[in-house]
Amino acid sequence: MLRDPKMLEQLPRRVRNAGRLLPANLCRNVRDGAIELREVTKRLNLSDSAARTLAKRGWVRIERVAASTDELESSRTPRPRPERLTASQDAAIAAVTPWLERRESRTFLLEGVTGSGKTEVYLALIERALQLGRGAIVLVPEIALTPQTVGWFRSRFESVAVLHSRMTDTQRLRMWHRVQSGECRVVVGARSAVFAPVAQLGVIVVDEEHEPSFKQGSTPRYHARDVAVERARSSGAVCVLGSATPSLESRRNALDGEFERLKLPERISGHGFPKIEVVDMRAEPMGDRGSKLFSQRLLVLLRETLARGEQAIFFQNRRGFAPVLWCSGCKETVRCKNCDVGLTWHQRIRRLVCHSCCEEIAAPKLCPTCTKPGLRYLGAGSERIEQEFATVAPKARVRRMDSDTMKRREDYESTLAAFGAGEIDVLVGTQMIAKGLDFPRVTLVGIVSADSALHLPDFRASERTFQLIAQVAGRAGRGELPGRIILQTLAPEHPAIVRAAAHQYEEFADAEDALRAELSYPPHGRLIRVLFEDTAEALVAQTAQACAEQLRTALADIDDVSVLGPAPAPIALLRNRHRHHILLKTPRAAAVVERVIAALRAVCDPLTRPRPTIDVDPVSML
């Protein structure tokens, strides 16, 4: 490990960026201080040559090791077959099965509240597909969901293949061949599994279809949900999109008749929805009350839950200890020198870390802007939430689950297995614990801060906040024991908070859909984002402006097409590259979209620097 940052100056300027491989946080929490080369270079957007340059100088060591068998291959989480299904489950299966048996393509939107038994519907349909000699693909949005999901499917079917990003190339190739040969006819995995070579495909399931992680962030920029619909159409298969809170795009497709809508309106346990209590943190006393992060109500319920021997989940959608280091003098935050984002304090490694480029520095004693001492740590991430339990519940067995602690493939499975076995009292984590997990002894869910994504510069911010609250709340009360949810917020009057607390998805979706219609935002129109990036800020701005003017001229004769911008992107600097973007709003008509894309290609293809990135139907505006 490199100790003196000045040693980086010995590197040739063309590979100076290789120093980003050396910060300590990349290898902390990793067994033997090692990390997979492919994983770290992908995270930092570097090539293998950067690591090999450091290896030649003796600053890192690269070893070739034999790929082990994927730990998930032996996963078999018990999921007993229910004696009977609910009437809603039977109706959903009955609606899909005829299409499956006739080998006709049809897309279904399965809207089921959390705990309603959507997985049993998936299992029943796949079982029927196998009886017909056909195969199936099941997509899940988070790798954290893969161990439990794989276990459920392996407990019902013998040959289940697994495909996810944490597999080595060798493991992935081995699994790919097993699918291609027909040895495995059921595939479970993340978004890339949609391309698995399943012969005689009969069913494609997209669980939690609303999740933005189904959109590939780099070339090729495909959306796994849309690919699943098209692949089912070309294969004569059925596609089932499942969610408790469908995306407004899928909901609109169902309302317009493009998808068939199926509903599971009640929990299979027969119990009602857990009560969500909204706590206005503005009204909480600021004095010494045992915790600065948890409300008095949450602390009371936590202690009662632990006293009964039950389990709790605490959700905070930020990792690290404190997301802001703030100066009271100039009112500025300490920011990354490479990115237009604030640095996050990680207590365990005692470093400030940029979550965009992984740059890390020691915490300055003086403000970098005005040199005033006494910088203050503001806010809380999952690491601080975990630490808080040492004060409020020192005897509780607490485990944190976020991208800082889940470094290896087996970390996911071991943590979830321990939680399922009752060896963990409280699971603290980010959105990887928010969905899909099914643990019947979880009776308390604490949403520490429901506002973290509410005010992002993204037209989907309210929708995603509502969905996240609904998903996290759905982790409680899934068994015979009743559940309670405490939602802490500084904006209790916001419609997304109010509707989520009342379990009013339809009312929220109707209101949000109406707002989108006024502005022709999806699902009432299409968006195309053109992003320009380069180290030369003036060149980026000039190129973006010239392209916007050419596009306005080329598209002037098409009604209802708008060219917005150019403007600096919300994250205007990323990895030392300045960023400007243009947004094009178009009607949904395919002919219009094709014409717009043709104009974009004519304008953008000749450009070499900066090379523009065209993203059709973007899920991130940052």
# chains A, B, ... in the order shown; residues from 1 in each chain; ligands from 1
>>> select_by_dssp(residues="segment 79-198 of chain A", states="strand (DSSP E)", output="tab-separated table (two decimals) with all heavy atoms, in the first residue's frame")
chain	number	residue	atom	x	y	z
A	106	ARG	N	-47.31	-12.10	-24.38
A	106	ARG	CA	-48.15	-11.12	-23.71
A	106	ARG	C	-47.39	-10.61	-22.49
A	106	ARG	O	-46.69	-11.37	-21.82
A	106	ARG	CB	-49.48	-11.73	-23.27
A	106	ARG	CG	-50.45	-10.80	-22.56
A	106	ARG	CD	-50.95	-9.72	-23.50
A	106	ARG	NE	-52.08	-8.98	-22.94
A	106	ARG	CZ	-52.46	-7.78	-23.35
A	106	ARG	NH1	-51.79	-7.15	-24.32
A	106	ARG	NH2	-53.50	-7.18	-22.83
A	107	THR	N	-47.48	-9.31	-22.23
A	107	THR	CA	-46.83	-8.73	-21.06
A	107	THR	C	-47.86	-8.42	-20.00
A	107	THR	O	-48.90	-7.80	-20.28
A	107	THR	CB	-46.06	-7.44	-21.44
A	107	THR	OG1	-45.04	-7.76	-22.40
A	107	THR	CG2	-45.40	-6.82	-20.22
A	108	PHE	N	-47.58	-8.83	-18.77
A	108	PHE	CA	-48.48	-8.63	-17.64
A	108	PHE	C	-47.80	-7.77	-16.59
A	108	PHE	O	-46.62	-7.99	-16.27
A	108	PHE	CB	-48.88	-9.98	-17.02
A	108	PHE	CG	-49.64	-10.88	-17.95
A	108	PHE	CD1	-48.97	-11.72	-18.82
A	108	PHE	CD2	-51.03	-10.88	-17.95
A	108	PHE	CE1	-49.66	-12.55	-19.69
A	108	PHE	CE2	-51.73	-11.71	-18.82
A	108	PHE	CZ	-51.04	-12.54	-19.69
A	109	LEU	N	-48.52	-6.81	-16.05
A	109	LEU	CA	-48.03	-6.01	-14.92
A	109	LEU	C	-48.69	-6.56	-13.66
A	109	LEU	O	-49.90	-6.39	-13.45
A	109	LEU	CB	-48.38	-4.53	-15.11
A	109	LEU	CG	-47.97	-3.61	-13.95
A	109	LEU	CD1	-46.46	-3.63	-13.75
A	109	LEU	CD2	-48.45	-2.17	-14.21
A	110	LEU	N	-47.90	-7.26	-12.86
A	110	LEU	CA	-48.41	-7.87	-11.63
A	110	LEU	C	-48.18	-6.89	-10.48
A	110	LEU	O	-47.07	-6.77	-9.96
A	110	LEU	CB	-47.70	-9.19	-11.36
A	110	LEU	CG	-48.14	-9.96	-10.10
A	110	LEU	CD1	-49.62	-10.35	-10.20
A	110	LEU	CD2	-47.27	-11.20	-9.90
A	111	GLU	N	-49.22	-6.19	-10.11
A	111	GLU	CA	-49.14	-5.19	-9.05
A	111	GLU	C	-49.61	-5.83	-7.74
A	111	GLU	O	-50.80	-6.06	-7.53
A	111	GLU	CB	-50.03	-4.00	-9.38
A	111	GLU	CG	-49.96	-2.87	-8.37
A	111	GLU	CD	-50.89	-1.73	-8.74
A	111	GLU	OE1	-51.11	-1.50	-9.95
A	111	GLU	OE2	-51.42	-1.09	-7.82
A	112	GLY	N	-48.64	-6.17	-6.91
A	112	GLY	CA	-48.97	-6.84	-5.65
A	112	GLY	C	-48.34	-6.13	-4.48
A	112	GLY	O	-47.14	-5.82	-4.49
A	135	GLY	N	-38.22	-22.80	-20.89
A	135	GLY	CA	-37.34	-22.25	-19.87
A	135	GLY	C	-37.82	-20.92	-19.33
A	135	GLY	O	-38.85	-20.40	-19.77
A	136	ALA	N	-37.06	-20.36	-18.37
A	136	ALA	CA	-37.49	-19.12	-17.72
A	136	ALA	C	-36.28	-18.30	-17.31
A	136	ALA	O	-35.21	-18.83	-17.01
A	136	ALA	CB	-38.35	-19.44	-16.51
A	137	ILE	N	-36.48	-16.99	-17.27
A	137	ILE	CA	-35.49	-16.04	-16.77
A	137	ILE	C	-36.16	-15.19	-15.70
A	137	ILE	O	-37.28	-14.70	-15.90
A	137	ILE	CB	-34.96	-15.12	-17.89
A	137	ILE	CG1	-34.21	-15.94	-18.95
A	137	ILE	CG2	-34.04	-14.04	-17.33
A	137	ILE	CD1	-33.79	-15.11	-20.16
A	138	VAL	N	-35.49	-15.02	-14.56
A	138	VAL	CA	-35.99	-14.18	-13.47
A	138	VAL	C	-34.95	-13.10	-13.20
A	138	VAL	O	-33.79	-13.40	-12.88
A	138	VAL	CB	-36.24	-14.99	-12.19
A	138	VAL	CG1	-36.78	-14.08	-11.08
A	138	VAL	CG2	-37.21	-16.14	-12.45
A	139	LEU	N	-35.35	-11.84	-13.33
A	139	LEU	CA	-34.45	-10.72	-13.11
A	139	LEU	C	-34.76	-10.07	-11.77
A	139	LEU	O	-35.93	-9.79	-11.46
A	139	LEU	CB	-34.59	-9.68	-14.22
A	139	LEU	CG	-34.36	-10.16	-15.66
A	139	LEU	CD1	-34.50	-8.98	-16.63
A	139	LEU	CD2	-33.00	-10.81	-15.82
A	160	VAL	N	-30.97	-24.51	-11.46
A	160	VAL	CA	-31.15	-23.06	-11.55
A	160	VAL	C	-29.79	-22.42	-11.75
A	160	VAL	O	-28.86	-22.61	-10.95
A	160	VAL	CB	-31.82	-22.50	-10.27
A	160	VAL	CG1	-31.94	-20.99	-10.36
A	160	VAL	CG2	-33.19	-23.13	-10.06
A	161	ALA	N	-29.64	-21.67	-12.82
A	161	ALA	CA	-28.39	-20.97	-13.10
A	161	ALA	C	-28.42	-19.58	-12.48
A	161	ALA	O	-29.48	-18.97	-12.34
A	161	ALA	CB	-28.18	-20.86	-14.61
A	162	VAL	N	-27.25	-19.09	-12.12
A	162	VAL	CA	-27.13	-17.77	-11.50
A	162	VAL	C	-26.20	-16.92	-12.34
A	162	VAL	O	-25.11	-17.37	-12.73
A	162	VAL	CB	-26.57	-17.88	-10.07
A	162	VAL	CG1	-26.59	-16.52	-9.39
A	162	VAL	CG2	-27.34	-18.89	-9.25
A	163	LEU	N	-26.60	-15.70	-12.64
A	163	LEU	CA	-25.75	-14.76	-13.39
A	163	LEU	C	-25.83	-13.40	-12.71
A	163	LEU	O	-26.91	-12.82	-12.58
A	163	LEU	CB	-26.22	-14.64	-14.84
A	163	LEU	CG	-26.03	-15.87	-15.74
A	163	LEU	CD1	-26.75	-15.69	-17.06
A	163	LEU	CD2	-24.54	-16.13	-15.97
A	186	VAL	N	-33.71	-22.67	-15.86
A	186	VAL	CA	-34.17	-21.50	-15.12
A	186	VAL	C	-32.95	-20.66	-14.78
A	186	VAL	O	-31.96	-21.17	-14.24
A	186	VAL	CB	-34.92	-21.89	-13.83
A	186	VAL	CG1	-35.36	-20.64	-13.07
A	186	VAL	CG2	-36.13	-22.76	-14.16
A	187	VAL	N	-33.00	-19.37	-15.10
A	187	VAL	CA	-31.89	-18.46	-14.85
A	187	VAL	C	-32.38	-17.37	-13.90
A	187	VAL	O	-33.44	-16.77	-14.12
A	187	VAL	CB	-31.37	-17.82	-16.15
A	187	VAL	CG1	-30.30	-16.77	-15.85
A	187	VAL	CG2	-30.82	-18.89	-17.08
A	188	VAL	N	-31.62	-17.10	-12.84
A	188	VAL	CA	-31.90	-16.01	-11.92
A	188	VAL	C	-30.69	-15.08	-11.92
A	188	VAL	O	-29.55	-15.54	-11.81
A	188	VAL	CB	-32.16	-16.52	-10.49
A	188	VAL	CG1	-32.40	-15.35	-9.54
A	188	VAL	CG2	-33.34	-17.47	-10.46
A	189	GLY	N	-30.93	-13.79	-12.06
A	189	GLY	CA	-29.80	-12.88	-12.05
A	189	GLY	C	-30.20	-11.43	-12.17
A	189	GLY	O	-31.38	-11.09	-12.17
>>> residues_around(residues="Pro368 of chain A", least_positions_apart="6", cutoff="12 Å", atoms="only C-alpha atoms", output="list in words")
Leu325, Trp326, Cys327, Gly329, Cys330, Lys331, Glu332, Thr333, Val334, Arg335, Cys336, Lys337, Gly374 and Leu375 of chain A
>>> closest_residue(among="A:Arg178, A:Lys372, A:Arg267, A:Arg484", to="Ser116 of chain A", atoms="only C-alpha atoms")
A:Arg267
>>> residues_around(residues="segment 500-514 of chain A", least_positions_apart="5", cutoff="9 Å", atoms="only C-alpha atoms", output="number ranges by chain")
A: 244-245, 247-248, 251-252, 273, 275-278, 462-463, 465-467, 469-470, 487, 495, 522-524
>>> write_last_selection(atoms="N, CA and C atoms", output="short mmCIF file (atom, residue, chain, number, x, y, z; two decimals), in the first residue's frame")
data_model
loop_
_atom_site.label_atom_id
_atom_site.label_comp_id
_atom_site.auth_asym_id
_atom_site.auth_seq_id
_atom_site.Cartn_x
_atom_site.Cartn_y
_atom_site.Cartn_z
N ALA A 244 -44.76 -3.74 -6.18
CA ALA A 244 -45.78 -3.19 -5.30
C ALA A 244 -46.09 -1.75 -5.68
N THR A 245 -45.12 -1.10 -6.32
CA THR A 245 -45.27 0.30 -6.72
C THR A 245 -44.77 0.44 -8.15
N SER A 247 -43.63 1.45 -11.87
CA SER A 247 -43.21 2.72 -12.45
C SER A 247 -44.39 3.34 -13.18
N LEU A 248 -44.39 4.65 -13.26
CA LEU A 248 -45.49 5.32 -13.96
C LEU A 248 -45.52 4.95 -15.44
N ARG A 251 -47.24 1.54 -15.52
CA ARG A 251 -48.65 1.76 -15.17
C ARG A 251 -49.41 2.36 -16.34
N ARG A 252 -48.81 3.31 -17.03
CA ARG A 252 -49.47 3.94 -18.18
C ARG A 252 -49.65 2.92 -19.30
N PHE A 273 -51.98 -3.97 6.43
CA PHE A 273 -50.67 -3.36 6.24
C PHE A 273 -50.13 -2.83 7.57
N LYS A 275 -48.74 -0.36 10.24
CA LYS A 275 -48.99 1.07 10.43
C LYS A 275 -47.69 1.84 10.28
N ILE A 276 -47.74 2.91 9.49
CA ILE A 276 -46.58 3.79 9.32
C ILE A 276 -46.82 5.06 10.13
N GLU A 277 -45.95 5.30 11.10
CA GLU A 277 -46.04 6.51 11.91
C GLU A 277 -45.02 7.52 11.38
N VAL A 278 -45.48 8.69 11.03
CA VAL A 278 -44.61 9.76 10.53
C VAL A 278 -44.17 10.62 11.72
N SER A 462 -39.86 12.44 -6.51
CA SER A 462 -41.01 12.11 -5.66
C SER A 462 -41.42 10.66 -5.84
N GLU A 463 -41.45 10.20 -7.09
CA GLU A 463 -41.83 8.82 -7.35
C GLU A 463 -40.88 7.85 -6.67
N THR A 465 -38.95 8.39 -4.09
CA THR A 465 -39.09 8.47 -2.64
C THR A 465 -40.28 7.65 -2.18
N PHE A 466 -41.41 7.78 -2.87
CA PHE A 466 -42.59 7.00 -2.53
C PHE A 466 -42.29 5.50 -2.64
N GLN A 467 -41.67 5.10 -3.73
CA GLN A 467 -41.38 3.68 -3.94
C GLN A 467 -40.46 3.13 -2.88
N ILE A 469 -39.95 4.23 0.22
CA ILE A 469 -40.64 4.13 1.50
C ILE A 469 -41.54 2.90 1.52
N ALA A 470 -42.29 2.70 0.44
CA ALA A 470 -43.21 1.56 0.38
C ALA A 470 -42.43 0.24 0.44
N LEU A 487 -41.30 6.45 10.30
CA LEU A 487 -40.77 7.22 9.17
C LEU A 487 -40.38 8.60 9.69
N PRO A 495 -46.35 15.44 -0.53
CA PRO A 495 -47.29 14.42 -1.01
C PRO A 495 -46.72 13.01 -1.04
N PRO A 522 -42.14 11.72 -19.30
CA PRO A 522 -42.57 10.32 -19.26
C PRO A 522 -43.52 10.08 -18.07
N PRO A 523 -44.59 9.33 -18.28
CA PRO A 523 -44.88 8.45 -19.42
C PRO A 523 -45.66 9.12 -20.56
N HIS A 524 -45.81 10.43 -20.52
CA HIS A 524 -46.60 11.12 -21.55
C HIS A 524 -45.72 11.67 -22.67
#
>>> closest_residue(among="A:Ala602, A:Leu378, A:Val353, A:Ala421", to="Asp404 of chain A", atoms="only C-alpha atoms")
A:Val353
>>> closest_residue(among="A:Gln550, A:Ser88, A:Ser49, A:Ser403", to="Ile433 of chain A", atoms="only C-alpha atoms")
A:Ser403
>>> closest_residue(among="A:Leu262, A:Asp451, A:Arg154, A:Gly565", to="Glu493 of chain A", atoms="only C-alpha atoms")
A:Asp451
>>> atom_distance(atom1="atom CA of Phe315 of chain A", atom2="atom CA of Thr430 of chain A")
5.8 Å
>>> closest_residue(among="A:Pro141, A:Pro246, A:Pro220, A:Gly429", to="Arg318 of chain A", atoms="only C-alpha atoms")
A:Gly429
>>> closest_residue(among="A:Pro606, A:Val96, A:Gly446, A:Val428", to="Gly474 of chain A", atoms="only C-alpha atoms")
A:Gly446
>>> residues_around(residues="segment 455-459 of chain A", least_positions_apart="6", cutoff="8 Å", atoms="only C-alpha atoms", output="list in words")
Pro570, Ser620, Met621 and Leu622 of chain A
>>> decode(residues="segment 290-305 of chain A", atoms="N, CA and C atoms", output="tab-separated table (two decimals), in the first residue's frame")
chain	number	residue	atom	x	y	z
A	290	GLY	N	-30.53	10.86	24.53
A	290	GLY	CA	-29.98	9.54	24.28
A	290	GLY	C	-29.57	9.30	22.85
A	291	SER	N	-30.11	10.05	21.91
A	291	SER	CA	-29.75	9.88	20.51
A	291	SER	C	-30.09	11.13	19.74
A	292	LYS	N	-29.19	11.52	18.84
A	292	LYS	CA	-29.44	12.67	17.97
A	292	LYS	C	-30.01	12.24	16.62
A	293	LEU	N	-30.06	10.94	16.40
A	293	LEU	CA	-30.50	10.43	15.11
A	293	LEU	C	-31.87	9.77	15.16
A	294	PHE	N	-32.22	9.19	16.29
A	294	PHE	CA	-33.46	8.45	16.42
A	294	PHE	C	-34.46	9.24	17.27
A	295	SER	N	-35.69	9.28	16.81
A	295	SER	CA	-36.74	9.96	17.57
A	295	SER	C	-37.07	9.17	18.83
A	296	GLN	N	-37.72	9.84	19.77
A	296	GLN	CA	-38.10	9.18	21.00
A	296	GLN	C	-39.02	7.99	20.72
A	297	ARG	N	-39.94	8.16	19.77
A	297	ARG	CA	-40.87	7.08	19.45
A	297	ARG	C	-40.13	5.88	18.88
A	298	LEU	N	-39.16	6.11	18.03
A	298	LEU	CA	-38.39	5.01	17.44
A	298	LEU	C	-37.59	4.28	18.50
A	299	LEU	N	-37.02	5.02	19.45
A	299	LEU	CA	-36.25	4.39	20.51
A	299	LEU	C	-37.13	3.51	21.40
A	300	VAL	N	-38.33	3.99	21.69
A	300	VAL	CA	-39.25	3.21	22.53
A	300	VAL	C	-39.59	1.88	21.84
A	301	LEU	N	-39.96	1.96	20.55
A	301	LEU	CA	-40.34	0.75	19.82
A	301	LEU	C	-39.14	-0.18	19.63
A	302	LEU	N	-37.95	0.38	19.45
A	302	LEU	CA	-36.75	-0.45	19.30
A	302	LEU	C	-36.52	-1.28	20.56
A	303	ARG	N	-36.59	-0.64	21.72
A	303	ARG	CA	-36.35	-1.36	22.97
A	303	ARG	C	-37.42	-2.41	23.22
A	304	GLU	N	-38.66	-2.11	22.87
A	304	GLU	CA	-39.72	-3.10	23.03
A	304	GLU	C	-39.50	-4.29	22.09
A	305	THR	N	-39.08	-4.01	20.87
A	305	THR	CA	-38.83	-5.07	19.89
A	305	THR	C	-37.72	-5.99	20.36
